[in-house]
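Engineer: Here it is: the structure, laid out below.
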Amino acid sequence: MSEARFPIGVFDSGLGGLTVVKELIRQLPCENIVYFGDTARVPYGTKSKEAIVRFSHENARFLLKHKVKMIVVACNSSSSFALESLRKAYKLPIIGVIVPGACKAVGMSRKKVIGVIATSATIHSGQYARTIKNIDKNIKVVNQPCPLFVPLAEEGWYDNVIAQQAAKKYLQPIVQSKADVVILGCTHYPLLRNVIQRAVGPKVFLINSAKEIAQEVKDLLKKMGLLNTQGHRGKCQFFVSDKPQHFKTLAKRFLGCAIKNVHKGSGACMN
Ligand code: DGL
């Protein structure tokens, strides 16, 4: 079988990476995808660098057993801490969400003030801010961890009074900074898009890192001659390290459609 037909491997700390799969399916409908969600160890956004790096390597090794042609690190917390070390360890192309989201944000900002909202791990890594400053050192970056957004999204509370109050409180420093672009630097945040948009005002442009990484994957596959051009819809396989049924139930919210089969497999226990 030609390498182009091999699947794209995607991993995340849990469910949230399905927002990236959704964009991959939209932009690359012919690609086969193998997804691994580390539901046994989610959340990553509250964990240390050491733990996130170790888990990310285990997840990557799980995907490699499925003969993937590329690895997409859908998790912002993993992309922030583990991308470099993953790239050093494995030969295949590995893409993270930070650079595509940061590049788009820099391109969109006229006022040169960009807000970044993400998990505590992603914010404390400083990776978005560094990447933005590397592109344009004159840009001011306003960082804001929003830890409650992950459970709110998983609970399906996208736009109730609690979500509205959390958004108002978290986003206040960004509103005060007069940022004209805000990066949704976490897999879950696209689900809270409406409430976030209302909190920052209609003129602020929100960057969905999932969309940007899917575009980057497409460009890279094209460049490497690895685009799957077989002409029919690709197949998606889903693996999680715990509670496949729970994943299946919540998946529809993140993916926009129901999934049939979720298998149990663990990055940590695979030999
Ligand atoms: N996937 C994580 C991220 O994008 C959010 C959930 C978690 O904290 O594990 O950072």
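Ordering of the structure tokens sets the chain letters (A, B, ...), residue numbers begin anew at 1 in every chain, and ligands are numbered from 1 in the order given.
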Would you kindly return, as a list in words, each protein, DNA or RNA residue with an atom no farther than 8 Å from any atom of region 160-168 of chain A, considering only C-alpha atoms and excluding same-chain residues fewer than 6 positions away?
Structural biologist: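 In the requested format, the answer is Leu148, Phe149, Leu152, Val195, Ile196 and Ala199 of chain A.
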Engineer: For ligand 1, list the contacting residues at 7 Å or closer, counting only C-alpha atoms and all ligand atoms, as a count of residues only.
Structural biologist: 23
Engineer: Quick one: residues within 7 Å of Ser241 (chain A), only C-alpha atoms counted, chain neighbours fewer than 6 positions away excluded, as an mmCIF file with N, CA, C and O atoms, in the first residue's frame?
Structural biologist:
```
data_model
loop_
_atom_site.group_PDB
_atom_site.id
_atom_site.type_symbol
_atom_site.label_atom_id
_atom_site.label_comp_id
_atom_site.auth_asym_id
_atom_site.auth_seq_id
_atom_site.Cartn_x
_atom_site.Cartn_y
_atom_site.Cartn_z
ATOM 1 N N GLY A 37 -7.295 9.205 22.400
ATOM 2 C CA GLY A 37 -7.609 10.149 23.489
ATOM 3 C C GLY A 37 -7.235 9.515 24.818
ATOM 4 O O GLY A 37 -7.730 8.439 25.155
ATOM 5 N N ASP A 38 -6.387 10.200 25.554
ATOM 6 C CA ASP A 38 -5.874 9.619 26.800
ATOM 7 C C ASP A 38 -6.847 9.892 27.958
ATOM 8 O O ASP A 38 -6.505 10.566 28.937
ATOM 9 N N THR A 39 -8.049 9.364 27.835
ATOM 10 C CA THR A 39 -9.126 9.668 28.787
ATOM 11 C C THR A 39 -8.835 9.187 30.217
ATOM 12 O O THR A 39 -9.459 9.661 31.154
ATOM 13 N N ALA A 40 -7.892 8.255 30.347
ATOM 14 C CA ALA A 40 -7.549 7.781 31.697
ATOM 15 C C ALA A 40 -6.752 8.840 32.467
ATOM 16 O O ALA A 40 -6.758 8.834 33.695
ATOM 17 N N LYS A 264 -10.788 0.423 23.312
ATOM 18 C CA LYS A 264 -9.925 0.747 24.447
ATOM 19 C C LYS A 264 -8.498 0.326 24.116
ATOM 20 O O LYS A 264 -8.244 -0.786 23.660
ATOM 21 N N GLY A 265 -7.569 1.221 24.316
ATOM 22 C CA GLY A 265 -6.156 0.925 24.100
ATOM 23 C C GLY A 265 -5.408 1.912 24.946
ATOM 24 O O GLY A 265 -5.915 2.985 25.226
ATOM 25 N N SER A 266 -4.218 1.561 25.402
ATOM 26 C CA SER A 266 -3.548 2.509 26.257
ATOM 27 C C SER A 266 -2.119 2.758 25.813
ATOM 28 O O SER A 266 -1.357 1.819 25.611
#
```
Engineer: Just asking: which residues within region 61-220 of chain A are strand (DSSP E or B) according to DSSP, as a PyMOL selection string?
Structural biologist: chain A and resi 70-73+94-96+113-118+140-145+181-185+205-208
Engineer: My list of candidates is A:Val34, A:Ala179, A:Phe11, A:Val97. Which is closest to Ile213 (chain A) when distances are computed with only C-alpha atoms?
Structural biologist: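 For Ile213 (chain A), the nearest of the candidates is A:Val97.
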Engineer: Restricting the calculation to only C-alpha atoms, which member of A:His232, A:Lys137, A:His246, A:Lys112 is positioned closest to Val182 (chain A)?
Structural biologist: A:Lys112
Engineer: For a quick check of understanding, using only C-alpha atoms, which of A:Gln144, A:Asn228, A:Asn261, A:Ser109 has the smallest distance to Val240 (chain A)?
Structural biologist: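 Ranking A:Gln144, A:Asn228, A:Asn261, A:Ser109 by distance to Val240 (chain A), first place goes to A:Asn261.
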Engineer: With distances taken over only C-alpha atoms, which residue among A:Ile95, A:Leu191, A:Leu64, A:Cys257 lies nearest Val217 (chain A)?
Structural biologist: A:Ile95
Engineer: Report as JSON, numbers by chain all protein, DNA and RNA residues lying within 9 Å of Pro173 (chain A), evaluated on only C-alpha atoms, omitting residues in the same chain fewer than 4 positions from it.
Structural biologist: {"A": [142, 143, 144, 169, 177, 178]}
Engineer: Please provide the set of residues having any atom within 12 Å of Asp136 (chain A), restricted to only C-alpha atoms, with same-chain residues fewer than 3 positions apart removed, written as a PyMOL selection string.
Structural biologist: chain A and resi 102-103+105-107+109+112-114+129-133+139-141
Engineer: For a test of reading the model, state the distance in Å between CA of Ile33 (chain A) and CA of Ile8 (chain A), rounded to one decimal.
Structural biologist: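 Taking CA of Ile33 (chain A) as the start and CA of Ile8 (chain A) as the end point, the length is 4.8 Å.
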Engineer: Give me, as a list in words, all polymer residues having an atom no more than 12 Å from Leu92 (chain A), counting only C-alpha atoms and skipping those fewer than 4 positions away in the same chain.
Structural biologist: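 Once the adjacent positions are removed, what remains is Glu3, Ile8, Gly9, Ala60, Arg61, Leu63, Leu64, Lys67, Val68, Lys69, Met70, Ile71, Val72, Leu86, Arg87, Lys88, Leu220, Leu221, Met224 and Leu226 of chain A.
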Engineer: Which of region 3-184 of chain A end up as helix (DSSP H, G or I) when DSSP is run on this backbone - answer as JSON, numbers by chain?
Structural biologist: {"A": [3, 4, 5, 18, 19, 20, 21, 22, 23, 24, 25, 26, 27, 49, 50, 51, 52, 53, 54, 55, 56, 57, 58, 59, 60, 61, 62, 63, 64, 76, 77, 78, 79, 80, 81, 82, 83, 84, 85, 86, 87, 88, 89, 98, 99, 100, 101, 102, 103, 104, 105, 106, 107, 108, 120, 121, 122, 123, 124, 125, 127, 128, 129, 130, 131, 132, 133, 134, 135, 149, 150, 151, 152, 153, 154, 155, 161, 162, 163, 164, 165, 166, 167, 168, 169, 170, 171, 172, 173, 174, 175, 176, 177]}
Engineer: From the options A:Ser2, A:Val21, A:Gln230, A:Pro7, which residue's atoms come nearest to Ala214 (chain A), counting only C-alpha atoms?
Structural biologist: A:Val21
Engineer: What does the distance from CA of Gln237 (chain A) to CA of Tyr158 (chain A) come to in Å, to one decimal?
Structural biologist: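 CA of Tyr158 (chain A) lies 27.1 Å from CA of Gln237 (chain A).
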Engineer: What does the distance from CA of Cys236 (chain A) to CA of Lys104 (chain A) come to in Å, to one decimal?
Structural biologist: 27.6 Å
